[in-house]
>>> print(open('target_0.cif').read())   # mmCIF, C-alpha atoms
data_structure
loop_
_atom_site.label_atom_id
_atom_site.label_comp_id
_atom_site.auth_asym_id
_atom_site.auth_seq_id
_atom_site.Cartn_x
_atom_site.Cartn_y
_atom_site.Cartn_z
CA MET P 23 6.43 -173.54 -5.66
CA LYS P 24 9.49 -173.95 -7.85
CA ARG P 25 11.61 -171.25 -9.38
CA PHE P 26 13.65 -171.67 -12.54
CA VAL P 27 15.86 -169.24 -14.34
CA ARG P 28 16.22 -169.82 -17.99
CA ASN P 29 17.90 -167.45 -20.37
CA GLY P 30 17.79 -164.75 -17.76
CA ILE P 31 14.03 -165.01 -17.24
CA LEU P 32 12.66 -166.03 -13.91
CA ILE P 33 9.93 -168.64 -14.28
CA ILE P 34 7.74 -169.48 -11.33
CA ALA P 35 5.72 -172.65 -11.56
CA SER P 36 3.09 -173.70 -9.16
CA ALA P 37 0.62 -176.53 -9.07
CA THR P 38 -2.84 -176.48 -7.61
CA VAL P 39 -4.35 -179.70 -6.42
CA CYS P 40 -8.16 -179.90 -6.35
CA SER P 41 -9.76 -181.87 -3.63
CA GLY P 42 -13.07 -183.67 -3.97
CA ALA P 43 -15.14 -180.64 -2.73
CA SER P 44 -18.55 -180.09 -4.51
CA ALA P 45 -19.35 -176.99 -6.63
CA ALA P 46 -21.64 -174.27 -5.22
CA THR P 47 -24.95 -173.24 -6.90
CA ALA P 48 -27.03 -170.08 -7.06
CA THR P 49 -30.60 -169.53 -8.28
CA ALA P 50 -32.63 -166.64 -9.61
CA THR P 51 -36.34 -166.21 -10.33
CA MET P 52 -37.34 -165.10 -13.83
CA THR P 53 -40.59 -163.09 -14.11
CA ASN P 54 -42.32 -163.17 -17.51
CA THR P 55 -44.95 -160.57 -18.35
CA VAL P 56 -47.42 -160.21 -21.23
CA THR P 57 -49.51 -157.07 -21.48
CA ILE P 58 -52.68 -157.14 -23.56
CA SER P 59 -53.95 -153.72 -24.53
CA ASN P 60 -57.54 -153.02 -25.52
CA ASN P 61 -57.90 -153.16 -29.26
CA CYS P 62 -60.74 -153.27 -31.79
CA SER P 63 -61.22 -153.76 -35.50
CA ILE P 64 -64.24 -152.52 -37.43
CA SER P 65 -65.84 -153.30 -40.78
CA THR P 66 -69.08 -152.20 -42.47
CA LEU P 67 -71.56 -153.40 -45.02
CA GLY P 68 -73.66 -150.61 -46.49
CA PHE P 69 -77.15 -150.88 -47.91
CA THR P 70 -78.22 -151.15 -51.53
CA THR P 71 -81.83 -150.62 -52.50
CA THR P 72 -84.14 -149.39 -55.23
CA TYR P 73 -86.24 -146.31 -54.58
CA ASP P 74 -89.39 -145.68 -56.59
CA PRO P 75 -90.56 -142.06 -56.13
CA ILE P 76 -93.56 -142.52 -58.47
CA VAL P 77 -95.36 -145.59 -57.06
CA ALA P 78 -93.84 -147.62 -54.19
CA ASN P 79 -92.16 -144.75 -52.35
CA ALA P 80 -94.49 -141.91 -53.25
CA ALA P 81 -96.15 -142.35 -49.85
CA ALA P 82 -94.14 -145.16 -48.19
CA ASN P 83 -90.65 -144.90 -46.71
CA GLN P 84 -87.97 -147.22 -48.06
CA ASP P 85 -86.62 -149.05 -44.98
CA VAL P 86 -83.46 -151.13 -45.34
CA THR P 87 -80.60 -152.30 -43.14
CA ALA P 88 -76.83 -152.14 -43.18
CA SER P 89 -74.35 -153.43 -40.62
CA VAL P 90 -71.18 -152.65 -38.73
CA THR P 91 -69.09 -155.40 -37.18
CA THR P 92 -66.52 -154.96 -34.45
CA THR P 93 -64.07 -157.37 -32.89
CA CYS P 94 -62.76 -156.03 -29.59
CA THR P 95 -60.53 -157.29 -26.82
CA ILE P 96 -62.50 -158.76 -23.92
CA GLY P 97 -63.00 -156.00 -21.37
CA ALA P 98 -62.84 -153.12 -23.86
CA SER P 99 -65.70 -150.62 -23.86
CA PRO P 100 -66.37 -150.00 -27.55
CA VAL P 101 -68.51 -147.08 -28.74
CA ILE P 102 -69.43 -147.03 -32.42
CA THR P 103 -70.25 -143.74 -34.10
CA LEU P 104 -71.30 -142.93 -37.66
CA GLY P 105 -70.15 -139.75 -39.38
CA GLN P 106 -72.42 -137.25 -41.11
CA GLY P 107 -71.56 -138.58 -44.56
CA ALA P 108 -69.80 -137.05 -47.54
CA ASN P 109 -72.90 -135.14 -48.66
CA ALA P 110 -74.26 -133.78 -45.37
CA ASP P 111 -76.91 -131.10 -45.76
CA THR P 112 -76.57 -127.54 -44.44
CA GLY P 113 -77.14 -127.49 -40.68
CA SER P 114 -75.97 -131.08 -40.20
CA THR P 115 -74.15 -131.79 -36.91
CA ASP P 116 -72.48 -134.84 -35.38
CA ALA P 117 -75.40 -135.17 -32.95
CA VAL P 118 -78.11 -134.58 -35.58
CA PRO P 119 -76.70 -135.61 -38.96
CA LEU P 120 -78.64 -134.63 -42.08
CA ARG P 121 -77.39 -137.27 -44.46
CA ARG P 122 -77.87 -137.22 -48.24
CA LEU P 123 -77.05 -139.54 -51.10
CA SER P 124 -75.67 -137.77 -54.17
CA SER P 125 -76.17 -138.42 -57.87
CA GLY P 126 -72.65 -137.07 -58.42
CA GLY P 127 -71.61 -135.23 -61.55
CA GLY P 128 -71.31 -131.49 -62.15
CA THR P 129 -74.70 -130.58 -60.71
CA PRO P 130 -75.54 -133.31 -58.20
CA VAL P 131 -79.05 -134.10 -57.07
CA PHE P 132 -79.54 -135.29 -53.49
CA LEU P 133 -81.72 -137.92 -51.87
CA ASN P 134 -82.22 -137.62 -48.09
CA TYR P 135 -81.82 -140.62 -45.81
CA SER P 136 -81.24 -141.40 -42.14
CA LEU P 137 -79.43 -144.05 -40.11
CA PHE P 138 -80.85 -145.35 -36.81
CA SER P 139 -79.74 -147.63 -34.01
CA ASP P 140 -83.21 -149.11 -33.37
CA SER P 141 -85.63 -151.09 -35.52
CA GLY P 142 -88.41 -148.52 -34.91
CA ARG P 143 -86.13 -145.95 -36.56
CA THR P 144 -86.57 -143.38 -33.80
CA ALA P 145 -82.98 -143.13 -32.42
CA THR P 146 -80.74 -141.36 -34.93
CA TRP P 147 -77.25 -142.88 -35.01
CA GLY P 148 -74.83 -139.99 -35.12
CA ASN P 149 -71.19 -139.23 -34.59
CA THR P 150 -71.28 -138.78 -30.80
CA ALA P 151 -71.19 -141.23 -27.90
CA ALA P 152 -74.66 -140.03 -26.87
CA THR P 153 -76.14 -141.07 -30.23
CA ALA P 154 -74.29 -144.41 -30.46
CA PRO P 155 -76.09 -147.69 -29.70
CA ALA P 156 -76.46 -148.35 -25.98
CA ALA P 157 -74.11 -151.27 -25.41
CA VAL P 158 -71.64 -153.11 -27.54
CA THR P 159 -70.19 -156.16 -25.82
CA ALA P 160 -66.50 -156.84 -26.29
CA THR P 161 -66.25 -160.64 -26.48
CA GLY P 162 -63.05 -161.08 -28.47
CA SER P 163 -65.20 -162.34 -31.36
CA ALA P 164 -66.85 -160.51 -34.24
CA THR P 165 -69.99 -158.71 -33.08
CA PRO P 166 -72.35 -157.59 -35.87
CA ILE P 167 -74.68 -154.66 -35.19
CA THR P 168 -77.59 -153.74 -37.43
CA ILE P 169 -77.87 -150.22 -38.77
CA TYR P 170 -81.47 -149.35 -39.62
CA ALA P 171 -81.72 -147.04 -42.64
CA ARG P 172 -84.63 -145.10 -44.03
CA VAL P 173 -85.03 -143.21 -47.29
CA PRO P 174 -88.11 -141.05 -46.63
CA SER P 175 -91.04 -141.21 -49.02
CA GLY P 176 -92.08 -138.51 -51.43
CA GLN P 177 -88.67 -137.46 -52.77
CA SER P 178 -89.11 -136.79 -56.45
CA VAL P 179 -85.64 -136.94 -58.00
CA LYS P 180 -84.16 -137.85 -61.38
CA ALA P 181 -83.28 -141.41 -62.29
CA ALA P 182 -79.64 -142.02 -61.28
CA THR P 183 -77.50 -144.01 -58.86
CA TYR P 184 -77.18 -142.13 -55.57
CA ILE P 185 -74.19 -142.71 -53.27
CA ASP P 186 -72.95 -141.50 -49.90
CA THR P 187 -69.92 -142.48 -47.85
CA VAL P 188 -70.22 -142.57 -44.06
CA VAL P 189 -67.23 -143.16 -41.77
CA ALA P 190 -67.86 -145.67 -38.98
CA THR P 191 -65.56 -145.27 -35.98
CA VAL P 192 -65.05 -147.53 -32.98
CA THR P 193 -63.62 -145.85 -29.88
CA PHE P 194 -62.48 -148.12 -27.08
#
>>> encode(input="target_0.cif", output="structure tokens")
Amino acid sequence: MKRFVRNGILIIASATVCSGASAATATATMTNTVTISNNCSISTLGFTTTYDPIVANAAANQDVTASVTTTCTIGASPVITLGQGANADTGSTDAVPLRRLSSGGGTPVFLNYSLFSDSGRTATWGNTAATAPAAVTATGSATPITIYARVPSGQSVKAATYIDTVVATVTF
């Protein structure tokens, strides 16, 4: 180590000599994590039909189909429910919906109909887990499910277009 004094300031100079020693290393493990949460999407396609209260449907029900499609994460447990509709009749409940189509306007006229989860139209599809279709498989792909609809025979109503809106919900 050398010491110099210049203009009244003490300067200390030193030199370090490196030898041929190798550098040290250290390692660490990086953990990467991806979490996939259950998720579903849902879409619907309602029915459109013609009802003839005078001839064809005077004594015969008008049976048609609609559909609901879900796409759910593999492993999810989806349950699809159908609301009572915008025009539910008095006494309608989530478990036993009394659905009606409406002619709209100031004094609407109603046309009764039902939605079922089976082709025999015996299992009403309501807005509870107990009235939902038995099993919906979550495959990660779109899964269409048929909704069986019936407009009962013998409803004598005025000529008009009748509409109802039903909310389909997937719970997973």
>>> residues_around(input="target_0.cif", residues="Thr92 of chain P", least_positions_apart="5", cutoff="8 Å", atoms="all atoms listed in the file", output="list in words")
Cys62, Ser63, Ile64, Ser65, Ala164, Thr165, Pro166 and Val192 of chain P
>>> resolve_selection(input="target_0.cif", expression="the PyMOL selection byres ((chain P and resi 125-140) around 10)", output="PyMOL selection string")
chain P and resi 73+83-88+104+106+109-111+118-124+141-148+153-156+167-175+177-186
>>> write_last_selection(input="target_0.cif", atoms="C-alpha atoms", output="PDB file, in the coordinates of the input")
ATOM      1  CA  TYR P  73     -86.240-146.310 -54.580  1.00  0.00           C
ATOM      2  CA  ASN P  83     -90.650-144.900 -46.710  1.00  0.00           C
ATOM      3  CA  GLN P  84     -87.970-147.220 -48.060  1.00  0.00           C
ATOM      4  CA  ASP P  85     -86.620-149.050 -44.980  1.00  0.00           C
ATOM      5  CA  VAL P  86     -83.460-151.130 -45.340  1.00  0.00           C
ATOM      6  CA  THR P  87     -80.600-152.300 -43.140  1.00  0.00           C
ATOM      7  CA  ALA P  88     -76.830-152.140 -43.180  1.00  0.00           C
ATOM      8  CA  LEU P 104     -71.300-142.930 -37.660  1.00  0.00           C
ATOM      9  CA  GLN P 106     -72.420-137.250 -41.110  1.00  0.00           C
ATOM     10  CA  ASN P 109     -72.900-135.140 -48.660  1.00  0.00           C
ATOM     11  CA  ALA P 110     -74.260-133.780 -45.370  1.00  0.00           C
ATOM     12  CA  ASP P 111     -76.910-131.100 -45.760  1.00  0.00           C
ATOM     13  CA  VAL P 118     -78.110-134.580 -35.580  1.00  0.00           C
ATOM     14  CA  PRO P 119     -76.700-135.610 -38.960  1.00  0.00           C
ATOM     15  CA  LEU P 120     -78.640-134.630 -42.080  1.00  0.00           C
ATOM     16  CA  ARG P 121     -77.390-137.270 -44.460  1.00  0.00           C
ATOM     17  CA  ARG P 122     -77.870-137.220 -48.240  1.00  0.00           C
ATOM     18  CA  LEU P 123     -77.050-139.540 -51.100  1.00  0.00           C
ATOM     19  CA  SER P 124     -75.670-137.770 -54.170  1.00  0.00           C
ATOM     20  CA  SER P 141     -85.630-151.090 -35.520  1.00  0.00           C
ATOM     21  CA  GLY P 142     -88.410-148.520 -34.910  1.00  0.00           C
ATOM     22  CA  ARG P 143     -86.130-145.950 -36.560  1.00  0.00           C
ATOM     23  CA  THR P 144     -86.570-143.380 -33.800  1.00  0.00           C
ATOM     24  CA  ALA P 145     -82.980-143.130 -32.420  1.00  0.00           C
ATOM     25  CA  THR P 146     -80.740-141.360 -34.930  1.00  0.00           C
ATOM     26  CA  TRP P 147     -77.250-142.880 -35.010  1.00  0.00           C
ATOM     27  CA  GLY P 148     -74.830-139.990 -35.120  1.00  0.00           C
ATOM     28  CA  THR P 153     -76.140-141.070 -30.230  1.00  0.00           C
ATOM     29  CA  ALA P 154     -74.290-144.410 -30.460  1.00  0.00           C
ATOM     30  CA  PRO P 155     -76.090-147.690 -29.700  1.00  0.00           C
ATOM     31  CA  ALA P 156     -76.460-148.350 -25.980  1.00  0.00           C
ATOM     32  CA  ILE P 167     -74.680-154.660 -35.190  1.00  0.00           C
ATOM     33  CA  THR P 168     -77.590-153.740 -37.430  1.00  0.00           C
ATOM     34  CA  ILE P 169     -77.870-150.220 -38.770  1.00  0.00           C
ATOM     35  CA  TYR P 170     -81.470-149.350 -39.620  1.00  0.00           C
ATOM     36  CA  ALA P 171     -81.720-147.040 -42.640  1.00  0.00           C
ATOM     37  CA  ARG P 172     -84.630-145.100 -44.030  1.00  0.00           C
ATOM     38  CA  VAL P 173     -85.030-143.210 -47.290  1.00  0.00           C
ATOM     39  CA  PRO P 174     -88.110-141.050 -46.630  1.00  0.00           C
ATOM     40  CA  SER P 175     -91.040-141.210 -49.020  1.00  0.00           C
ATOM     41  CA  GLN P 177     -88.670-137.460 -52.770  1.00  0.00           C
ATOM     42  CA  SER P 178     -89.110-136.790 -56.450  1.00  0.00           C
ATOM     43  CA  VAL P 179     -85.640-136.940 -58.000  1.00  0.00           C
ATOM     44  CA  LYS P 180     -84.160-137.850 -61.380  1.00  0.00           C
ATOM     45  CA  ALA P 181     -83.280-141.410 -62.290  1.00  0.00           C
ATOM     46  CA  ALA P 182     -79.640-142.020 -61.280  1.00  0.00           C
ATOM     47  CA  THR P 183     -77.500-144.010 -58.860  1.00  0.00           C
ATOM     48  CA  TYR P 184     -77.180-142.130 -55.570  1.00  0.00           C
ATOM     49  CA  ILE P 185     -74.190-142.710 -53.270  1.00  0.00           C
ATOM     50  CA  ASP P 186     -72.950-141.500 -49.900  1.00  0.00           C
TER      51      ASP P 186
END
>>> resolve_selection(input="target_0.cif", expression="the PyMOL selection byres ((chain P and resi 188) around 6)", output="list in words")
Gly105, Gly107, Thr187 and Val189 of chain P
>>> atom_distance(input="target_0.cif", atom1="atom CA of Thr191 of chain P", atom2="atom CA of Thr57 of chain P")
24.6 Å
>>> atom_distance(input="target_0.cif", atom1="atom CA of Gly113 of chain P", atom2="atom CA of Asn79 of chain P")
25.7 Å
>>> closest_residue(input="target_0.cif", among="P:Ile58, P:Val77, P:Ala117, P:Ala152", to="Ala98 of chain P", atoms="all atoms listed in the file")
P:Ile58
>>> axis_aligned_box(input="target_0.cif", around="segment 125-136 of chain P", padding_each_side="3 Å", output="lines of an AutoDock Vina configuration file")
center_x = -76.8
center_y = -136.0
center_z = -52.1
size_x = 16.9
size_y = 16.8
size_z = 26.0
>>> atom_distance(input="target_0.cif", atom1="atom CA of Thr66 of chain P", atom2="atom CA of Ala190 of chain P")
7.5 Å
>>> closest_residue(input="target_0.cif", among="P:Cys94, P:Ala160, P:Ala151, P:Ile102", to="Asn61 of chain P", atoms="all atoms listed in the file")
P:Cys94
>>> closest_residue(input="target_0.cif", among="P:Ser89, P:Ser44, P:Asn149, P:Thr95", to="Thr115 of chain P", atoms="all atoms listed in the file")
P:Asn149
>>> closest_residue(input="target_0.cif", among="P:Gly176, P:Phe194, P:Gly162, P:Gly97", to="Ile76 of chain P", atoms="only C-alpha atoms")
P:Gly176
>>> closest_residue(input="target_0.cif", among="P:Val101, P:Val90, P:Ala48, P:Ala108", to="Thr159 of chain P", atoms="only C-alpha atoms")
P:Val101
>>> decode(input="target_0.cif", residues="segment 151-180 of chain P", atoms="N, CA, C and O atoms", output="PDB file, in the first residue's frame")
ATOM      1  N   ALA P 151     -82.531 -27.585  -8.216  1.00  0.00           N
ATOM      2  CA  ALA P 151     -81.644 -28.704  -8.545  1.00  0.00           C
ATOM      3  C   ALA P 151     -82.434 -30.008  -8.648  1.00  0.00           C
ATOM      4  O   ALA P 151     -82.128 -30.869  -9.478  1.00  0.00           O
ATOM      5  N   ALA P 152     -83.469 -30.143  -7.829  1.00  0.00           N
ATOM      6  CA  ALA P 152     -84.275 -31.368  -7.835  1.00  0.00           C
ATOM      7  C   ALA P 152     -85.069 -31.547  -9.133  1.00  0.00           C
ATOM      8  O   ALA P 152     -85.399 -32.666  -9.498  1.00  0.00           O
ATOM      9  N   THR P 153     -85.367 -30.452  -9.836  1.00  0.00           N
ATOM     10  CA  THR P 153     -86.137 -30.557 -11.073  1.00  0.00           C
ATOM     11  C   THR P 153     -85.258 -30.439 -12.321  1.00  0.00           C
ATOM     12  O   THR P 153     -85.765 -30.480 -13.438  1.00  0.00           O
ATOM     13  N   ALA P 154     -83.944 -30.305 -12.124  1.00  0.00           N
ATOM     14  CA  ALA P 154     -83.004 -30.216 -13.244  1.00  0.00           C
ATOM     15  C   ALA P 154     -82.764 -31.610 -13.824  1.00  0.00           C
ATOM     16  O   ALA P 154     -83.003 -32.614 -13.155  1.00  0.00           O
ATOM     17  N   PRO P 155     -82.301 -31.694 -15.066  1.00  0.00           N
ATOM     18  CA  PRO P 155     -81.983 -33.011 -15.634  1.00  0.00           C
ATOM     19  C   PRO P 155     -80.970 -33.742 -14.755  1.00  0.00           C
ATOM     20  O   PRO P 155     -80.138 -33.122 -14.101  1.00  0.00           O
ATOM     21  N   ALA P 156     -81.042 -35.061 -14.768  1.00  0.00           N
ATOM     22  CA  ALA P 156     -80.229 -35.894 -13.877  1.00  0.00           C
ATOM     23  C   ALA P 156     -78.740 -35.592 -13.936  1.00  0.00           C
ATOM     24  O   ALA P 156     -78.147 -35.228 -12.943  1.00  0.00           O
ATOM     25  N   ALA P 157     -78.117 -35.749 -15.067  1.00  0.00           N
ATOM     26  CA  ALA P 157     -76.662 -35.589 -15.121  1.00  0.00           C
ATOM     27  C   ALA P 157     -76.251 -34.819 -16.360  1.00  0.00           C
ATOM     28  O   ALA P 157     -76.681 -35.119 -17.463  1.00  0.00           O
ATOM     29  N   VAL P 158     -75.436 -33.828 -16.137  1.00  0.00           N
ATOM     30  CA  VAL P 158     -74.817 -33.097 -17.232  1.00  0.00           C
ATOM     31  C   VAL P 158     -73.322 -33.350 -17.089  1.00  0.00           C
ATOM     32  O   VAL P 158     -72.741 -33.091 -16.034  1.00  0.00           O
ATOM     33  N   THR P 159     -72.713 -33.881 -18.133  1.00  0.00           N
ATOM     34  CA  THR P 159     -71.288 -34.209 -18.070  1.00  0.00           C
ATOM     35  C   THR P 159     -70.461 -33.015 -18.498  1.00  0.00           C
ATOM     36  O   THR P 159     -70.703 -32.426 -19.553  1.00  0.00           O
ATOM     37  N   ALA P 160     -69.482 -32.672 -17.680  1.00  0.00           N
ATOM     38  CA  ALA P 160     -68.572 -31.576 -17.989  1.00  0.00           C
ATOM     39  C   ALA P 160     -67.364 -32.154 -18.725  1.00  0.00           C
ATOM     40  O   ALA P 160     -66.523 -32.800 -18.128  1.00  0.00           O
ATOM     41  N   THR P 161     -67.314 -31.927 -20.036  1.00  0.00           N
ATOM     42  CA  THR P 161     -66.258 -32.509 -20.863  1.00  0.00           C
ATOM     43  C   THR P 161     -65.253 -31.477 -21.360  1.00  0.00           C
ATOM     44  O   THR P 161     -64.267 -31.833 -21.989  1.00  0.00           O
ATOM     45  N   GLY P 162     -65.518 -30.211 -21.117  1.00  0.00           N
ATOM     46  CA  GLY P 162     -64.675 -29.159 -21.667  1.00  0.00           C
ATOM     47  C   GLY P 162     -65.133 -28.755 -23.064  1.00  0.00           C
ATOM     48  O   GLY P 162     -64.633 -27.802 -23.631  1.00  0.00           O
ATOM     49  N   SER P 163     -66.090 -29.488 -23.614  1.00  0.00           N
ATOM     50  CA  SER P 163     -66.663 -29.181 -24.933  1.00  0.00           C
ATOM     51  C   SER P 163     -68.137 -28.831 -24.778  1.00  0.00           C
ATOM     52  O   SER P 163     -68.750 -29.141 -23.762  1.00  0.00           O
ATOM     53  N   ALA P 164     -68.691 -28.228 -25.803  1.00  0.00           N
ATOM     54  CA  ALA P 164     -70.109 -27.863 -25.782  1.00  0.00           C
ATOM     55  C   ALA P 164     -70.970 -29.119 -25.657  1.00  0.00           C
ATOM     56  O   ALA P 164     -70.770 -30.093 -26.376  1.00  0.00           O
ATOM     57  N   THR P 165     -71.910 -29.076 -24.700  1.00  0.00           N
ATOM     58  CA  THR P 165     -72.813 -30.197 -24.464  1.00  0.00           C
ATOM     59  C   THR P 165     -74.248 -29.715 -24.635  1.00  0.00           C
ATOM     60  O   THR P 165     -74.774 -29.006 -23.779  1.00  0.00           O
ATOM     61  N   PRO P 166     -74.899 -30.075 -25.751  1.00  0.00           N
ATOM     62  CA  PRO P 166     -76.290 -29.659 -25.947  1.00  0.00           C
ATOM     63  C   PRO P 166     -77.243 -30.588 -25.198  1.00  0.00           C
ATOM     64  O   PRO P 166     -77.025 -31.790 -25.116  1.00  0.00           O
ATOM     65  N   ILE P 167     -78.283 -30.002 -24.637  1.00  0.00           N
ATOM     66  CA  ILE P 167     -79.301 -30.753 -23.905  1.00  0.00           C
ATOM     67  C   ILE P 167     -80.659 -30.332 -24.454  1.00  0.00           C
ATOM     68  O   ILE P 167     -80.954 -29.140 -24.574  1.00  0.00           O
ATOM     69  N   THR P 168     -81.481 -31.304 -24.770  1.00  0.00           N
ATOM     70  CA  THR P 168     -82.804 -31.019 -25.328  1.00  0.00           C
ATOM     71  C   THR P 168     -83.772 -30.635 -24.215  1.00  0.00           C
ATOM     72  O   THR P 168     -83.809 -31.263 -23.160  1.00  0.00           O
ATOM     73  N   ILE P 169     -84.542 -29.607 -24.485  1.00  0.00           N
ATOM     74  CA  ILE P 169     -85.653 -29.197 -23.624  1.00  0.00           C
ATOM     75  C   ILE P 169     -86.924 -29.601 -24.378  1.00  0.00           C
ATOM     76  O   ILE P 169     -87.111 -29.212 -25.535  1.00  0.00           O
ATOM     77  N   TYR P 170     -87.745 -30.389 -23.748  1.00  0.00           N
ATOM     78  CA  TYR P 170     -88.985 -30.854 -24.368  1.00  0.00           C
ATOM     79  C   TYR P 170     -90.117 -29.934 -23.937  1.00  0.00           C
ATOM     80  O   TYR P 170     -90.380 -29.792 -22.744  1.00  0.00           O
ATOM     81  N   ALA P 171     -90.767 -29.285 -24.908  1.00  0.00           N
ATOM     82  CA  ALA P 171     -91.823 -28.319 -24.608  1.00  0.00           C
ATOM     83  C   ALA P 171     -93.171 -28.857 -25.070  1.00  0.00           C
ATOM     84  O   ALA P 171     -93.250 -29.648 -26.015  1.00  0.00           O
ATOM     85  N   ARG P 172     -94.187 -28.418 -24.361  1.00  0.00           N
ATOM     86  CA  ARG P 172     -95.555 -28.798 -24.741  1.00  0.00           C
ATOM     87  C   ARG P 172     -96.475 -27.605 -24.527  1.00  0.00           C
ATOM     88  O   ARG P 172     -96.518 -27.005 -23.453  1.00  0.00           O
ATOM     89  N   VAL P 173     -97.246 -27.311 -25.579  1.00  0.00           N
ATOM     90  CA  VAL P 173     -98.348 -26.358 -25.482  1.00  0.00           C
ATOM     91  C   VAL P 173     -99.593 -27.235 -25.464  1.00  0.00           C
ATOM     92  O   VAL P 173     -99.907 -27.897 -26.453  1.00  0.00           O
ATOM     93  N   PRO P 174    -100.291 -27.296 -24.315  1.00  0.00           N
ATOM     94  CA  PRO P 174    -101.439 -28.203 -24.200  1.00  0.00           C
ATOM     95  C   PRO P 174    -102.559 -27.869 -25.192  1.00  0.00           C
ATOM     96  O   PRO P 174    -102.783 -26.710 -25.549  1.00  0.00           O
ATOM     97  N   SER P 175    -103.267 -28.896 -25.582  1.00  0.00           N
ATOM     98  CA  SER P 175    -104.386 -28.738 -26.523  1.00  0.00           C
ATOM     99  C   SER P 175    -105.554 -28.004 -25.877  1.00  0.00           C
ATOM    100  O   SER P 175    -105.614 -27.844 -24.658  1.00  0.00           O
ATOM    101  N   GLY P 176    -106.458 -27.578 -26.743  1.00  0.00           N
ATOM    102  CA  GLY P 176    -107.728 -27.021 -26.280  1.00  0.00           C
ATOM    103  C   GLY P 176    -107.673 -25.620 -25.721  1.00  0.00           C
ATOM    104  O   GLY P 176    -108.594 -25.206 -25.017  1.00  0.00           O
ATOM    105  N   GLN P 177    -106.658 -24.849 -26.018  1.00  0.00           N
ATOM    106  CA  GLN P 177    -106.595 -23.463 -25.529  1.00  0.00           C
ATOM    107  C   GLN P 177    -107.106 -22.544 -26.632  1.00  0.00           C
ATOM    108  O   GLN P 177    -106.428 -22.318 -27.623  1.00  0.00           O
ATOM    109  N   SER P 178    -108.269 -22.034 -26.452  1.00  0.00           N
ATOM    110  CA  SER P 178    -108.882 -21.164 -27.444  1.00  0.00           C
ATOM    111  C   SER P 178    -108.506 -19.716 -27.128  1.00  0.00           C
ATOM    112  O   SER P 178    -109.022 -19.117 -26.182  1.00  0.00           O
ATOM    113  N   VAL P 179    -107.583 -19.182 -27.911  1.00  0.00           N
ATOM    114  CA  VAL P 179    -107.098 -17.817 -27.698  1.00  0.00           C
ATOM    115  C   VAL P 179    -107.109 -17.064 -29.020  1.00  0.00           C
ATOM    116  O   VAL P 179    -107.202 -17.660 -30.096  1.00  0.00           O
ATOM    117  N   LYS P 180    -106.997 -15.741 -28.931  1.00  0.00           N
ATOM    118  CA  LYS P 180    -107.021 -14.905 -30.135  1.00  0.00           C
ATOM    119  C   LYS P 180    -105.754 -15.105 -30.968  1.00  0.00           C
ATOM    120  O   LYS P 180    -104.706 -15.507 -30.448  1.00  0.00           O
TER     121      LYS P 180
END
